[in-house]
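Peer 1: Could you have a look at this structure, given as structure tokens, before my questions?
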Amino acid sequence: GTLRRAVEELVAENILVRYQGRGTFVRKLDQERFLFQFFKLANRSGKFEYPSVRLVSFECAAATHDEAKALGLSGNARVFRIENVLSLNGLATVHDRISIDAQLFDGLTREQLELRSGTIYELYQCDFGITVAGADERLRAENADSRSAGLLGLEAGTTVMRIERVAYTVENLPCEWRISMVDTRQVEY
């Protein structure tokens, strides 16, 4: 009974999908699910739009204390750091700083990030078998640093929305730490 209720909950949360006569499977993280579950920025009329993404930087380096803490890493762990700018209606709106465990995503390349046809969570799932099932987010107003301000076409110190997210796998393990700086002049959360 407990297992049945747990499966029902995962189906209701769009993590699992049932196919009559075939079984129950982990749902693919397609654009619709990404917009429904993880991308919560809409224009002022409430319409959600899939953002265009530009990769700004990609590197592999030793994890900082904050990265290791957020991702549950220890020792001499290495992370991939990814910087993206997401645009909505042609306007740079979000500056993402993403950190992921380099061992978990072993072999990730800049080309994979640049040439992917879907969301980064689709890439995680299709190329690495890592399904993002949920995330914890913390939001606050913050002054944009010079890097974020420059990428978003703002003056340094302009107030933006800061979203800190830790994404979790189906096994409830942290797989991504992301800090997003959002220009909210045209969008709301």
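Naming scheme: A, B, ... for chains in displayed order of the structure tokens; residues 1 onward per chain; ligands 1 onward as shown.
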Which residues, written as a list in words, have at least one atom at most 12 Å from region 145-159 of chain A, with only C-alpha atoms counted and residues fewer than 6 positions away on the same chain left out?

Peer 2: Arg54, Leu55, Val56, Ser57, Glu83, Asn84, Val85, Leu86, Ser87, Leu88, Gly90, Leu91, Ala92, Thr93, Val94, His95, Asp96, Arg97, Ile179, Ser180, Met181, Val182, Asp183, Thr184 and Arg185 of chain A

Peer 1: Enumerate as a ChimeraX atom specification all residues of region 12-178 of chain A assigned to strand (DSSP E or B) by DSSP on the backbone, naming them with the chain letters and numbers the document uses.

Peer 2: /A:16-19,23-26,42-43,48,52-62,78-88,91-101,132-143,159-169,174-178

Peer 1: Here is a test: counting only C-alpha atoms, which residue of A:Ala61, A:Ala102, A:Val7, A:Ala42 is nearest to Gly23 (chain A)?

Peer 2: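 Between A:Ala61, A:Ala102, A:Val7, A:Ala42, the residue approaching Gly23 (chain A) most closely is A:Val7.
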
Peer 1: Quote the spacing between CA of Phe80 (chain A) and CA of Gly134 (chain A) in Å to one decimal place.

Peer 2: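 Taking CA of Phe80 (chain A) and CA of Gly134 (chain A), their separation equals 20.4 Å.
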
Peer 1: Do you know which residues are at most 6 Å from region 163-171 of chain A counting only C-alpha atoms, after dropping those on the same chain fewer than 6 positions away, and could you put them as a PyMOL selection string?

Peer 2: chain A and resi 131-139+177-180

Peer 1: Given the selection you just returned, output its residues as a file containing all heavy atoms, formatted as an mmCIF file, in the first residue's frame.

Peer 2:
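The result, stored in out.cif:
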```cif
data_model
loop_
_atom_site.group_PDB
_atom_site.id
_atom_site.type_symbol
_atom_site.label_atom_id
_atom_site.label_comp_id
_atom_site.auth_asym_id
_atom_site.auth_seq_id
_atom_site.Cartn_x
_atom_site.Cartn_y
_atom_site.Cartn_z
ATOM 1 N N THR A 131 18.315 11.849 -13.984
ATOM 2 C CA THR A 131 16.997 12.460 -14.092
ATOM 3 C C THR A 131 16.775 13.415 -12.930
ATOM 4 O O THR A 131 16.846 13.013 -11.771
ATOM 5 C CB THR A 131 15.888 11.389 -14.090
ATOM 6 O OG1 THR A 131 16.083 10.536 -15.219
ATOM 7 C CG2 THR A 131 14.510 12.012 -14.159
ATOM 8 N N VAL A 132 16.531 14.670 -13.246
ATOM 9 C CA VAL A 132 16.220 15.671 -12.228
ATOM 10 C C VAL A 132 14.741 15.518 -11.893
ATOM 11 O O VAL A 132 13.877 15.675 -12.746
ATOM 12 C CB VAL A 132 16.532 17.098 -12.714
ATOM 13 C CG1 VAL A 132 16.091 18.128 -11.682
ATOM 14 C CG2 VAL A 132 18.022 17.238 -13.013
ATOM 15 N N ALA A 133 14.484 15.195 -10.612
ATOM 16 C CA ALA A 133 13.110 14.952 -10.190
ATOM 17 C C ALA A 133 12.525 16.112 -9.400
ATOM 18 O O ALA A 133 11.311 16.248 -9.305
ATOM 19 C CB ALA A 133 13.051 13.677 -9.345
ATOM 20 N N GLY A 134 13.371 16.940 -8.835
ATOM 21 C CA GLY A 134 12.881 18.054 -8.038
ATOM 22 C C GLY A 134 13.988 19.034 -7.735
ATOM 23 O O GLY A 134 15.147 18.802 -8.071
ATOM 24 N N ALA A 135 13.609 20.123 -7.096
ATOM 25 C CA ALA A 135 14.593 21.153 -6.760
ATOM 26 C C ALA A 135 14.106 21.963 -5.574
ATOM 27 O O ALA A 135 12.900 22.139 -5.384
ATOM 28 C CB ALA A 135 14.830 22.071 -7.953
ATOM 29 N N ASP A 136 15.049 22.429 -4.792
ATOM 30 C CA ASP A 136 14.769 23.392 -3.729
ATOM 31 C C ASP A 136 15.300 24.734 -4.196
ATOM 32 O O ASP A 136 16.431 24.815 -4.692
ATOM 33 C CB ASP A 136 15.478 23.000 -2.430
ATOM 34 C CG ASP A 136 14.865 21.782 -1.771
ATOM 35 O OD1 ASP A 136 13.663 21.535 -1.969
ATOM 36 O OD2 ASP A 136 15.604 21.070 -1.060
ATOM 37 N N GLU A 137 14.482 25.772 -4.047
ATOM 38 C CA GLU A 137 14.894 27.106 -4.480
ATOM 39 C C GLU A 137 14.733 28.105 -3.343
ATOM 40 O O GLU A 137 13.808 27.993 -2.540
ATOM 41 C CB GLU A 137 14.052 27.570 -5.675
ATOM 42 C CG GLU A 137 14.303 26.791 -6.927
ATOM 43 C CD GLU A 137 13.530 27.321 -8.128
ATOM 44 O OE1 GLU A 137 12.437 27.900 -7.948
ATOM 45 O OE2 GLU A 137 14.034 27.151 -9.241
ATOM 46 N N ARG A 138 15.647 29.058 -3.325
ATOM 47 C CA ARG A 138 15.591 30.180 -2.390
ATOM 48 C C ARG A 138 15.714 31.448 -3.230
ATOM 49 O O ARG A 138 16.606 31.555 -4.064
ATOM 50 C CB ARG A 138 16.710 30.085 -1.372
ATOM 51 C CG ARG A 138 16.654 28.810 -0.519
ATOM 52 C CD ARG A 138 17.848 28.686 0.386
ATOM 53 N NE ARG A 138 17.919 29.740 1.380
ATOM 54 C CZ ARG A 138 17.352 29.692 2.594
ATOM 55 N NH1 ARG A 138 16.673 28.627 2.931
ATOM 56 N NH2 ARG A 138 17.479 30.697 3.434
ATOM 57 N N LEU A 139 14.818 32.414 -2.995
ATOM 58 C CA LEU A 139 14.790 33.646 -3.767
ATOM 59 C C LEU A 139 15.028 34.841 -2.856
ATOM 60 O O LEU A 139 14.598 34.846 -1.703
ATOM 61 C CB LEU A 139 13.427 33.832 -4.439
ATOM 62 C CG LEU A 139 13.089 32.950 -5.631
ATOM 63 C CD1 LEU A 139 12.807 31.536 -5.226
ATOM 64 C CD2 LEU A 139 11.920 33.524 -6.371
ATOM 65 N N TRP A 177 23.930 22.655 -8.599
ATOM 66 C CA TRP A 177 23.772 23.873 -7.798
ATOM 67 C C TRP A 177 23.801 25.027 -8.782
ATOM 68 O O TRP A 177 24.726 25.152 -9.578
ATOM 69 C CB TRP A 177 24.888 23.991 -6.776
ATOM 70 C CG TRP A 177 24.788 25.201 -5.892
ATOM 71 C CD1 TRP A 177 23.688 25.636 -5.201
ATOM 72 C CD2 TRP A 177 25.830 26.123 -5.576
ATOM 73 N NE1 TRP A 177 23.988 26.764 -4.482
ATOM 74 C CE2 TRP A 177 25.299 27.085 -4.687
ATOM 75 C CE3 TRP A 177 27.169 26.225 -5.945
ATOM 76 C CZ2 TRP A 177 26.052 28.143 -4.179
ATOM 77 C CZ3 TRP A 177 27.920 27.272 -5.431
ATOM 78 C CH2 TRP A 177 27.366 28.216 -4.562
ATOM 79 N N ARG A 178 22.764 25.838 -8.743
ATOM 80 C CA ARG A 178 22.616 26.919 -9.733
ATOM 81 C C ARG A 178 22.258 28.215 -9.015
ATOM 82 O O ARG A 178 21.402 28.240 -8.154
ATOM 83 C CB ARG A 178 21.492 26.538 -10.697
ATOM 84 C CG ARG A 178 21.132 27.584 -11.713
ATOM 85 C CD ARG A 178 19.883 27.173 -12.504
ATOM 86 N NE ARG A 178 20.023 25.886 -13.148
ATOM 87 C CZ ARG A 178 19.775 25.650 -14.431
ATOM 88 N NH1 ARG A 178 19.347 26.626 -15.210
ATOM 89 N NH2 ARG A 178 19.912 24.452 -14.943
ATOM 90 N N ILE A 179 22.926 29.288 -9.449
ATOM 91 C CA ILE A 179 22.544 30.621 -9.005
ATOM 92 C C ILE A 179 22.166 31.407 -10.255
ATOM 93 O O ILE A 179 22.964 31.547 -11.181
ATOM 94 C CB ILE A 179 23.668 31.320 -8.224
ATOM 95 C CG1 ILE A 179 23.930 30.541 -6.931
ATOM 96 C CG2 ILE A 179 23.299 32.773 -7.935
ATOM 97 C CD1 ILE A 179 25.032 31.080 -6.089
ATOM 98 N N SER A 180 20.923 31.868 -10.270
ATOM 99 C CA SER A 180 20.389 32.614 -11.404
ATOM 100 C C SER A 180 20.131 34.052 -10.977
ATOM 101 O O SER A 180 19.493 34.294 -9.957
ATOM 102 C CB SER A 180 19.076 31.990 -11.886
ATOM 103 O OG SER A 180 19.254 30.655 -12.255
#
```

Peer 1: With a distance cut-off of 8 Å and only C-alpha atoms, select the neighbouring residues of region 65-74 of chain A, excluding the residue or stretch itself and same-chain residues fewer than 6 positions from it, and output the selection as a PyMOL selection string.

Peer 2: chain A and resi 99-101+166+174-177
